[in-house]
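Asks: Structure: coords_33.cif, mmCIF, C-alpha atoms and all ligand atoms.
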```
data_entry
loop_
_atom_site.label_atom_id
_atom_site.label_comp_id
_atom_site.auth_asym_id
_atom_site.auth_seq_id
_atom_site.Cartn_x
_atom_site.Cartn_y
_atom_site.Cartn_z
CA MET B 1500 4.57 -19.91 12.36
CA ALA B 1501 2.89 -18.78 9.18
CA ARG B 1502 1.80 -15.20 9.58
CA ARG B 1503 -1.15 -14.05 7.52
CA ILE B 1504 -0.15 -11.22 5.23
CA LEU B 1505 -2.03 -7.97 5.80
CA ILE B 1506 -2.38 -5.33 3.10
CA ALA B 1507 -3.65 -2.12 4.69
CA GLY B 1508 -4.85 0.93 2.78
CA ASN B 1509 -4.55 4.16 4.76
CA TRP B 1510 -6.75 6.69 3.00
CA LYS B 1511 -5.72 9.52 5.35
CA MET B 1512 -7.79 12.69 4.85
CA ASN B 1513 -8.98 11.65 1.40
CA GLY B 1514 -12.31 10.54 0.10
CA LEU B 1515 -15.70 12.16 -0.32
CA GLU B 1516 -18.62 9.77 -0.36
CA LYS B 1517 -18.79 9.12 -4.09
CA ASP B 1518 -15.12 8.26 -4.60
CA GLY B 1519 -14.65 6.52 -1.26
CA LEU B 1520 -17.57 4.18 -1.72
CA ALA B 1521 -16.65 3.47 -5.34
CA LEU B 1522 -13.16 2.49 -4.17
CA ALA B 1523 -14.53 0.32 -1.36
CA SER B 1524 -17.00 -1.33 -3.68
CA ASP B 1525 -14.36 -2.05 -6.32
CA LEU B 1526 -12.08 -3.68 -3.73
CA ALA B 1527 -14.96 -5.68 -2.26
CA GLN B 1528 -15.81 -7.07 -5.72
CA ARG B 1529 -12.19 -8.04 -6.33
CA MET B 1530 -11.94 -9.73 -2.94
CA LYS B 1531 -15.14 -11.65 -3.54
CA SER B 1532 -14.11 -12.89 -6.97
CA GLY B 1533 -10.33 -13.27 -6.52
CA SER B 1534 -8.41 -16.04 -4.85
CA THR B 1535 -7.80 -14.19 -1.63
CA ASP B 1536 -7.03 -16.72 1.04
CA THR B 1537 -3.33 -15.82 0.84
CA PHE B 1538 -3.69 -12.32 2.29
CA GLU B 1539 -6.02 -10.15 4.35
CA MET B 1540 -7.07 -6.69 3.23
CA LEU B 1541 -7.87 -3.67 5.37
CA VAL B 1542 -9.01 -0.17 4.49
CA SER B 1543 -8.89 2.85 6.76
CA PRO B 1544 -11.24 5.54 5.49
CA PRO B 1545 -11.78 8.94 7.11
CA PHE B 1546 -14.21 8.85 10.06
CA THR B 1547 -17.01 10.34 7.94
CA LEU B 1548 -17.11 7.30 5.66
CA ILE B 1549 -16.58 4.47 8.12
CA SER B 1550 -20.18 3.31 8.49
CA LYS B 1551 -20.87 3.41 4.78
CA VAL B 1552 -17.62 1.67 3.91
CA VAL B 1553 -18.46 -1.03 6.49
CA ASP B 1554 -21.77 -1.60 4.69
CA THR B 1555 -20.14 -1.50 1.27
CA VAL B 1556 -17.49 -4.14 2.02
CA ALA B 1557 -19.79 -6.43 4.03
CA GLY B 1558 -19.24 -10.06 3.10
CA SER B 1559 -15.92 -9.41 1.31
CA GLY B 1560 -13.68 -10.10 4.32
CA ILE B 1561 -12.14 -6.61 4.10
CA HIS B 1562 -11.37 -5.19 7.55
CA VAL B 1563 -12.21 -1.56 8.25
CA ALA B 1564 -9.99 0.53 10.54
CA GLY B 1565 -10.16 3.93 12.15
CA GLN B 1566 -7.13 6.17 11.58
CA ASP B 1567 -6.87 7.21 15.22
CA CYS B 1568 -8.83 7.08 18.47
CA HIS B 1569 -8.88 8.91 21.79
CA SER B 1570 -7.56 7.14 24.86
CA ALA B 1571 -10.72 7.83 26.87
CA GLU B 1572 -13.91 5.84 26.46
CA LYS B 1573 -16.11 8.95 26.24
CA GLY B 1574 -16.42 12.46 27.58
CA ALA B 1575 -15.60 16.09 26.99
CA HIS B 1576 -13.13 15.79 24.10
CA THR B 1577 -14.54 17.90 21.30
CA GLY B 1578 -13.59 16.61 17.89
CA ASP B 1579 -12.25 13.26 19.09
CA ILE B 1580 -13.52 9.74 18.49
CA SER B 1581 -13.28 6.88 20.98
CA ALA B 1582 -12.25 3.32 20.24
CA LEU B 1583 -15.69 2.17 21.34
CA MET B 1584 -17.29 4.50 18.76
CA LEU B 1585 -15.12 2.96 16.04
CA LYS B 1586 -16.15 -0.49 17.17
CA ASP B 1587 -19.78 0.62 17.23
CA ALA B 1588 -19.44 1.93 13.67
CA GLY B 1589 -18.23 -1.50 12.52
CA CYS B 1590 -14.44 -1.18 12.65
CA SER B 1591 -12.35 -4.15 13.70
CA TYR B 1592 -9.01 -2.28 13.76
CA VAL B 1593 -7.62 1.13 14.54
CA ILE B 1594 -4.29 2.66 13.50
CA VAL B 1595 -2.47 4.53 16.28
CA GLY B 1596 0.74 6.52 16.35
CA HIS B 1597 0.98 7.28 12.65
CA SER B 1598 3.84 9.73 12.13
CA GLU B 1599 1.39 12.31 10.80
CA ARG B 1600 -0.42 12.14 14.15
CA ARG B 1601 2.86 12.24 16.04
CA THR B 1602 3.87 15.35 14.05
CA ASP B 1603 0.59 17.20 13.50
CA HIS B 1604 -0.84 16.51 16.97
CA ARG B 1605 2.37 16.11 18.94
CA GLU B 1606 1.47 12.59 20.00
CA THR B 1607 4.06 10.98 22.26
CA ASP B 1608 4.76 7.29 22.77
CA GLU B 1609 2.88 7.53 26.05
CA MET B 1610 -0.22 8.90 24.33
CA VAL B 1611 0.02 6.31 21.57
CA LYS B 1612 0.26 3.53 24.14
CA ALA B 1613 -2.82 4.87 25.97
CA LYS B 1614 -4.75 4.92 22.68
CA ALA B 1615 -3.61 1.40 21.85
CA GLN B 1616 -4.78 0.19 25.24
CA ALA B 1617 -8.13 1.88 24.81
CA ALA B 1618 -8.43 0.10 21.46
CA LEU B 1619 -7.76 -3.31 22.98
CA ALA B 1620 -10.16 -2.58 25.84
CA ALA B 1621 -12.85 -1.75 23.28
CA GLY B 1622 -12.27 -5.05 21.52
CA LEU B 1623 -10.49 -3.61 18.49
CA ASN B 1624 -7.25 -4.86 17.03
CA VAL B 1625 -4.58 -2.21 16.89
CA ILE B 1626 -1.92 -1.24 14.35
CA VAL B 1627 0.88 0.60 16.15
CA CYS B 1628 3.04 2.75 13.86
CA ILE B 1629 6.67 3.62 14.50
CA GLY B 1630 9.43 5.05 12.33
CA GLU B 1631 12.46 7.32 12.29
CA THR B 1632 12.95 10.68 10.60
CA LEU B 1633 15.64 11.26 7.97
CA GLU B 1634 17.65 13.24 10.48
CA GLU B 1635 17.59 10.32 12.90
CA ARG B 1636 18.57 7.86 10.17
CA ASP B 1637 21.42 10.07 9.00
CA ALA B 1638 22.64 10.32 12.59
CA GLY B 1639 22.77 6.51 12.81
CA LYS B 1640 19.91 6.37 15.32
CA THR B 1641 17.42 4.32 13.30
CA LEU B 1642 17.41 1.19 15.44
CA ASP B 1643 17.49 3.13 18.72
CA VAL B 1644 14.57 5.37 17.76
CA ASN B 1645 12.41 2.49 16.56
CA ARG B 1646 13.28 0.41 19.63
CA ARG B 1647 12.28 3.28 21.90
CA GLN B 1648 9.03 3.94 20.04
CA LEU B 1649 8.17 0.24 20.00
CA HIS B 1650 8.60 -0.20 23.75
CA GLY B 1651 6.94 3.13 24.51
CA SER B 1652 3.90 2.58 22.31
CA LEU B 1653 3.18 -1.15 22.62
CA PRO B 1654 0.00 -1.71 24.65
CA ASP B 1655 -0.05 -3.97 27.71
CA GLY B 1656 -1.81 -7.16 26.72
CA ALA B 1657 -0.49 -7.12 23.15
CA THR B 1658 -0.72 -10.50 21.45
CA ALA B 1659 -0.09 -11.75 17.94
CA ASP B 1660 -3.86 -11.75 17.43
CA ASN B 1661 -4.72 -8.25 18.62
CA THR B 1662 -1.67 -6.19 17.66
CA VAL B 1663 0.14 -5.38 14.42
CA ILE B 1664 3.26 -3.22 14.18
CA ALA B 1665 3.79 -0.93 11.19
CA TYR B 1666 7.31 0.30 10.49
CA GLU B 1667 6.99 3.48 8.48
CA PRO B 1668 10.15 5.53 8.09
CA VAL B 1669 8.98 9.16 8.11
CA TRP B 1670 11.30 10.06 5.22
CA ALA B 1671 9.61 7.45 3.02
CA ILE B 1672 6.00 8.50 3.62
CA GLY B 1673 4.50 10.26 0.63
CA THR B 1674 7.95 11.16 -0.70
CA GLY B 1675 8.34 8.55 -3.43
CA ARG B 1676 11.42 7.32 -1.55
CA THR B 1677 11.01 3.76 -0.31
CA ALA B 1678 13.32 2.01 2.12
CA THR B 1679 15.34 -0.63 0.33
CA PRO B 1680 14.30 -4.19 1.16
CA GLU B 1681 17.49 -4.52 3.22
CA GLN B 1682 16.89 -1.28 5.16
CA ALA B 1683 13.34 -2.34 5.95
CA GLN B 1684 14.31 -5.90 6.88
CA GLU B 1685 17.01 -4.65 9.26
CA VAL B 1686 14.42 -2.72 11.28
CA HIS B 1687 11.77 -5.47 11.07
CA GLU B 1688 14.27 -8.02 12.35
CA MET B 1689 15.15 -5.79 15.29
CA ILE B 1690 11.44 -5.28 16.04
CA ARG B 1691 10.78 -9.03 16.08
CA SER B 1692 13.73 -9.66 18.31
CA GLU B 1693 12.56 -6.96 20.77
CA LEU B 1694 9.06 -8.43 20.70
CA SER B 1695 10.53 -11.80 21.47
CA ASP B 1696 12.34 -10.43 24.54
CA LYS B 1697 9.20 -8.66 25.73
CA LEU B 1698 6.36 -11.02 24.81
CA GLY B 1699 8.09 -14.34 24.24
CA ALA B 1700 9.16 -16.11 21.08
CA GLY B 1701 5.71 -17.46 20.23
CA ALA B 1702 4.00 -14.05 20.26
CA ALA B 1703 6.89 -12.43 18.38
CA ASP B 1704 6.84 -15.13 15.78
CA GLY B 1705 3.13 -14.69 15.17
CA MET B 1706 2.90 -10.91 15.26
CA ARG B 1707 2.63 -9.15 11.93
CA ILE B 1708 5.03 -6.33 11.12
CA LEU B 1709 4.03 -4.20 8.13
CA TYR B 1710 6.20 -1.89 6.08
CA GLY B 1711 4.86 1.47 4.94
CA GLY B 1712 6.26 4.38 2.96
CA SER B 1713 5.74 5.09 -0.74
CA MET B 1714 4.89 1.49 -1.52
CA ASN B 1715 3.88 0.87 -5.10
CA ALA B 1716 3.47 -2.12 -7.37
CA LYS B 1717 7.06 -1.94 -8.62
CA LYS B 1718 8.71 -1.87 -5.23
CA ALA B 1719 6.35 -4.19 -3.37
CA GLY B 1720 7.87 -7.45 -4.60
CA GLY B 1721 11.35 -6.80 -3.22
CA VAL B 1722 10.16 -5.45 0.12
CA PHE B 1723 7.58 -8.16 0.69
CA ALA B 1724 10.09 -10.90 -0.08
CA GLN B 1725 11.93 -10.12 3.17
CA ALA B 1726 11.63 -12.64 5.97
CA ASP B 1727 10.19 -10.33 8.62
CA ILE B 1728 7.89 -8.22 6.44
CA ASP B 1729 4.31 -9.40 6.70
CA GLY B 1730 2.50 -6.96 4.47
CA GLY B 1731 2.24 -3.25 3.99
CA MET B 1732 0.54 -0.06 4.97
CA ILE B 1733 -0.14 1.81 1.77
CA GLY B 1734 -1.16 5.46 1.56
CA GLY B 1735 -1.22 7.16 -1.84
CA ALA B 1736 -1.36 3.94 -3.86
CA SER B 1737 -4.35 2.69 -1.85
CA LEU B 1738 -6.62 5.38 -3.26
CA LYS B 1739 -6.87 3.62 -6.63
CA ALA B 1740 -8.36 0.14 -6.52
CA GLY B 1741 -6.22 -1.11 -9.41
CA ALA B 1742 -2.91 0.08 -7.91
CA PHE B 1743 -3.78 -1.24 -4.44
CA TRP B 1744 -4.92 -4.57 -5.86
CA THR B 1745 -1.73 -4.94 -7.88
CA ILE B 1746 0.33 -4.50 -4.72
CA ALA B 1747 -1.79 -7.15 -2.96
CA GLN B 1748 -1.32 -9.51 -5.89
CA ASN B 1749 2.28 -10.05 -4.78
CA PHE B 1750 0.68 -12.49 -2.36
CA ALA B 1751 -1.96 -14.05 -4.57
P1 LIG F 1801 2.38 6.50 1.41
O1 LIG F 1801 1.80 6.50 2.91
O2 LIG F 1801 2.20 5.12 0.86
O3 LIG F 1801 1.56 7.54 0.69
O4 LIG F 1801 3.82 6.87 1.51
C1 LIG F 1801 2.00 5.40 3.75
C2 LIG F 1801 1.44 5.70 5.11
O5 LIG F 1801 1.61 6.82 5.62
O6 LIG F 1801 0.80 4.83 5.73
#
```
Written as structure tokens, how would this file's structure read?

Replies:
Amino acid sequence: MARRILIAGNWKMNGLEKDGLALASDLAQRMKSGSTDTFEMLVSPPFTLISKVVDTVAGSGIHVAGQDCHSAEKGAHTGDISALMLKDAGCSYVIVGHSERRTDHRETDEMVKAKAQAALAAGLNVIVCIGETLEERDAGKTLDVNRRQLHGSLPDGATADNTVIAYEPVWAIGTGRTATPEQAQEVHEMIRSELSDKLGAGAADGMRILYGGSMNAKKAGGVFAQADIDGGMIGGASLKAGAFWTIAQNFA
């Protein structure tokens, strides 16, 4: 099955209105004028910019994602945002389980799964992030850790249409150190095989698995050439339209 490539820009806690909207507008123009039927693009701005980014990219085909959501629909959770609120603001996706959330907010697989389920219940698509630390890799536990996180975080009701997996080794995020194409492919292949056991071959074959971690234009070609890598989640390099676009052009 041909999987549609997804290039996702995770802005993290970056972007005041002026810069964020200029970036969104630049990408929207490029999407409208480029030949873009070979990949899909997604941006994940901070919560404060979501509505305005949704307006800015309207008509360009760019998906807008939240960077996290609460597992409850509403209620007494000061500072949190529900999946339904993201949907209401115009998002079509939400990222859950990013390693920065797992570290900074002590999110467990159980919590990530609950968030992912809330996302699906709200009618959002979900990007579920998993990835090992350097310590775990050095101890030879890479496949075990990712297998455990995958099974622990995958929402019930996951399909190839509503769920994307992002493999993001923690040691590669924001460090300038990217997994080699072979290291990434090894984990992606394991993920697809686990998905096949759990969801069936058809769903596993159609589900997109993104790589993330210090992706840049130079490294993208090698990583994206791997059989089980269906796009990328890009942090730092997604904050400049030109750099992000160059990465996407590997699929043009
Ligand atoms: P990076 O971030 O590209 O800055 O390493 C990737 C991510 O955390 O999604």

Asks: Kindly compute an axis-aligned box around the listed atoms of ligand LIG 1801 (chain F), allowing 4 Å on each side, and express its centre and edge lengths in Å to one decimal as AutoDock Vina command-line options.

Replies:
```
--center_x 2.3 --center_y 6.2 --center_z 3.2 --size_x 11.0 --size_y 10.7 --size_z 13.0
```

Asks: Show which residues sit within 9 Å of Glu1693 (chain B), as a list in words. Count all atoms listed in the file, and ignore same-chain residues fewer than 3 positions away.

Replies: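 Residues near the query, excluding close chain neighbours: Arg1646, Leu1649, His1650, Glu1688, Met1689, Ile1690, Asp1696, Lys1697, Leu1698 and Ala1703 of chain B.
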
Asks: For each of B:Asn1715, B:Ser1570, B:Thr1632, B:Gln1648, take the minimum atom-to-atom distance to ligand LIG 1801 (chain F), counting all atoms listed in the file, then give the residue where this is smallest.

Replies: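 Of B:Asn1715, B:Ser1570, B:Thr1632, B:Gln1648, the one nearest ligand LIG 1801 (chain F) is B:Asn1715, counting all atoms listed in the file.
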
Asks: Ranking B:Ile1626, B:Ile1728, B:Val1556, B:Leu1642 by minimum distance to ligand LIG 1801 (chain F) and counting all atoms listed in the file, which one comes first?

Replies: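 Checking each of B:Ile1626, B:Ile1728, B:Val1556, B:Leu1642 against ligand LIG 1801 (chain F), counting all atoms listed in the file, the winner is B:Ile1626.
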
Asks: Skipping near chain neighbours, those fewer than 6 positions away, what residues fall within 10 Å of Ala1736 (chain B) using all atoms listed in the file, listed as an MDAnalysis selection string?

Replies: chainID B and resid 1508:1510 1673 1713:1716 1742:1746

Asks: Please tabulate, as a Markdown table, the residues of chain B that come within 10 Å of ligand LIG 1801 (chain F), each with its closest pair of atoms and the distance in Å to one decimal, counting all atoms listed in the file and ordering rows by chain, then residue number upward.

Replies:
```
| residue | atom | partner | partner_atom | distance |
| --- | --- | --- | --- | --- |
| B:Ala1507 | CA | F:LIG1801 | O6 | 8.3 |
| B:Gly1508 | CA | F:LIG1801 | O6 | 7.5 |
| B:Asn1509 | CA | F:LIG1801 | O6 | 5.5 |
| B:Trp1510 | CA | F:LIG1801 | O6 | 8.2 |
| B:Lys1511 | CA | F:LIG1801 | O5 | 7.8 |
| B:Ser1543 | CA | F:LIG1801 | O6 | 9.9 |
| B:Gln1566 | CA | F:LIG1801 | O6 | 9.9 |
| B:Ile1594 | CA | F:LIG1801 | O6 | 9.5 |
| B:His1597 | CA | F:LIG1801 | O5 | 7.1 |
| B:Ser1598 | CA | F:LIG1801 | O5 | 7.5 |
| B:Glu1599 | CA | F:LIG1801 | O5 | 7.6 |
| B:Cys1628 | CA | F:LIG1801 | O6 | 8.7 |
| B:Ala1665 | CA | F:LIG1801 | O6 | 8.5 |
| B:Tyr1666 | CA | F:LIG1801 | O6 | 9.2 |
| B:Glu1667 | CA | F:LIG1801 | C2 | 6.9 |
| B:Pro1668 | CA | F:LIG1801 | O5 | 9.0 |
| B:Val1669 | CA | F:LIG1801 | O5 | 8.1 |
| B:Trp1670 | CA | F:LIG1801 | O4 | 8.9 |
| B:Ala1671 | CA | F:LIG1801 | O4 | 6.0 |
| B:Ile1672 | CA | F:LIG1801 | O4 | 3.4 |
| B:Gly1673 | CA | F:LIG1801 | O4 | 3.6 |
| B:Thr1674 | CA | F:LIG1801 | O4 | 6.4 |
| B:Gly1675 | CA | F:LIG1801 | O4 | 6.9 |
| B:Arg1676 | CA | F:LIG1801 | O4 | 8.2 |
| B:Thr1677 | CA | F:LIG1801 | O4 | 8.0 |
| B:Leu1709 | CA | F:LIG1801 | O6 | 9.9 |
| B:Tyr1710 | CA | F:LIG1801 | O6 | 8.6 |
| B:Gly1711 | CA | F:LIG1801 | C1 | 5.0 |
| B:Gly1712 | CA | F:LIG1801 | O4 | 3.8 |
| B:Ser1713 | CA | F:LIG1801 | O4 | 3.5 |
| B:Met1714 | CA | F:LIG1801 | O2 | 5.1 |
| B:Asn1715 | CA | F:LIG1801 | O2 | 7.5 |
| B:Gly1731 | CA | F:LIG1801 | O6 | 8.4 |
| B:Met1732 | CA | F:LIG1801 | O6 | 5.0 |
| B:Ile1733 | CA | F:LIG1801 | O2 | 4.2 |
| B:Gly1734 | CA | F:LIG1801 | O1 | 3.4 |
| B:Gly1735 | CA | F:LIG1801 | O3 | 3.8 |
| B:Ala1736 | CA | F:LIG1801 | O2 | 6.0 |
| B:Ser1737 | CA | F:LIG1801 | O2 | 7.5 |
| B:Leu1738 | CA | F:LIG1801 | O3 | 9.3 |
```

Asks: Could you please determine the separation between CA of Asn1624 (chain B) and CA of Val1593 (chain B) in Å, to one decimal place?

Replies: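 CA of Val1593 (chain B) lies at a distance of 6.5 Å from CA of Asn1624 (chain B).
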
Asks: May I ask for the distance between CA of Val1552 (chain B) and CA of Gly1519 (chain B), given in Å to one decimal place?

Replies: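 Those two atoms sit 7.7 Å apart.
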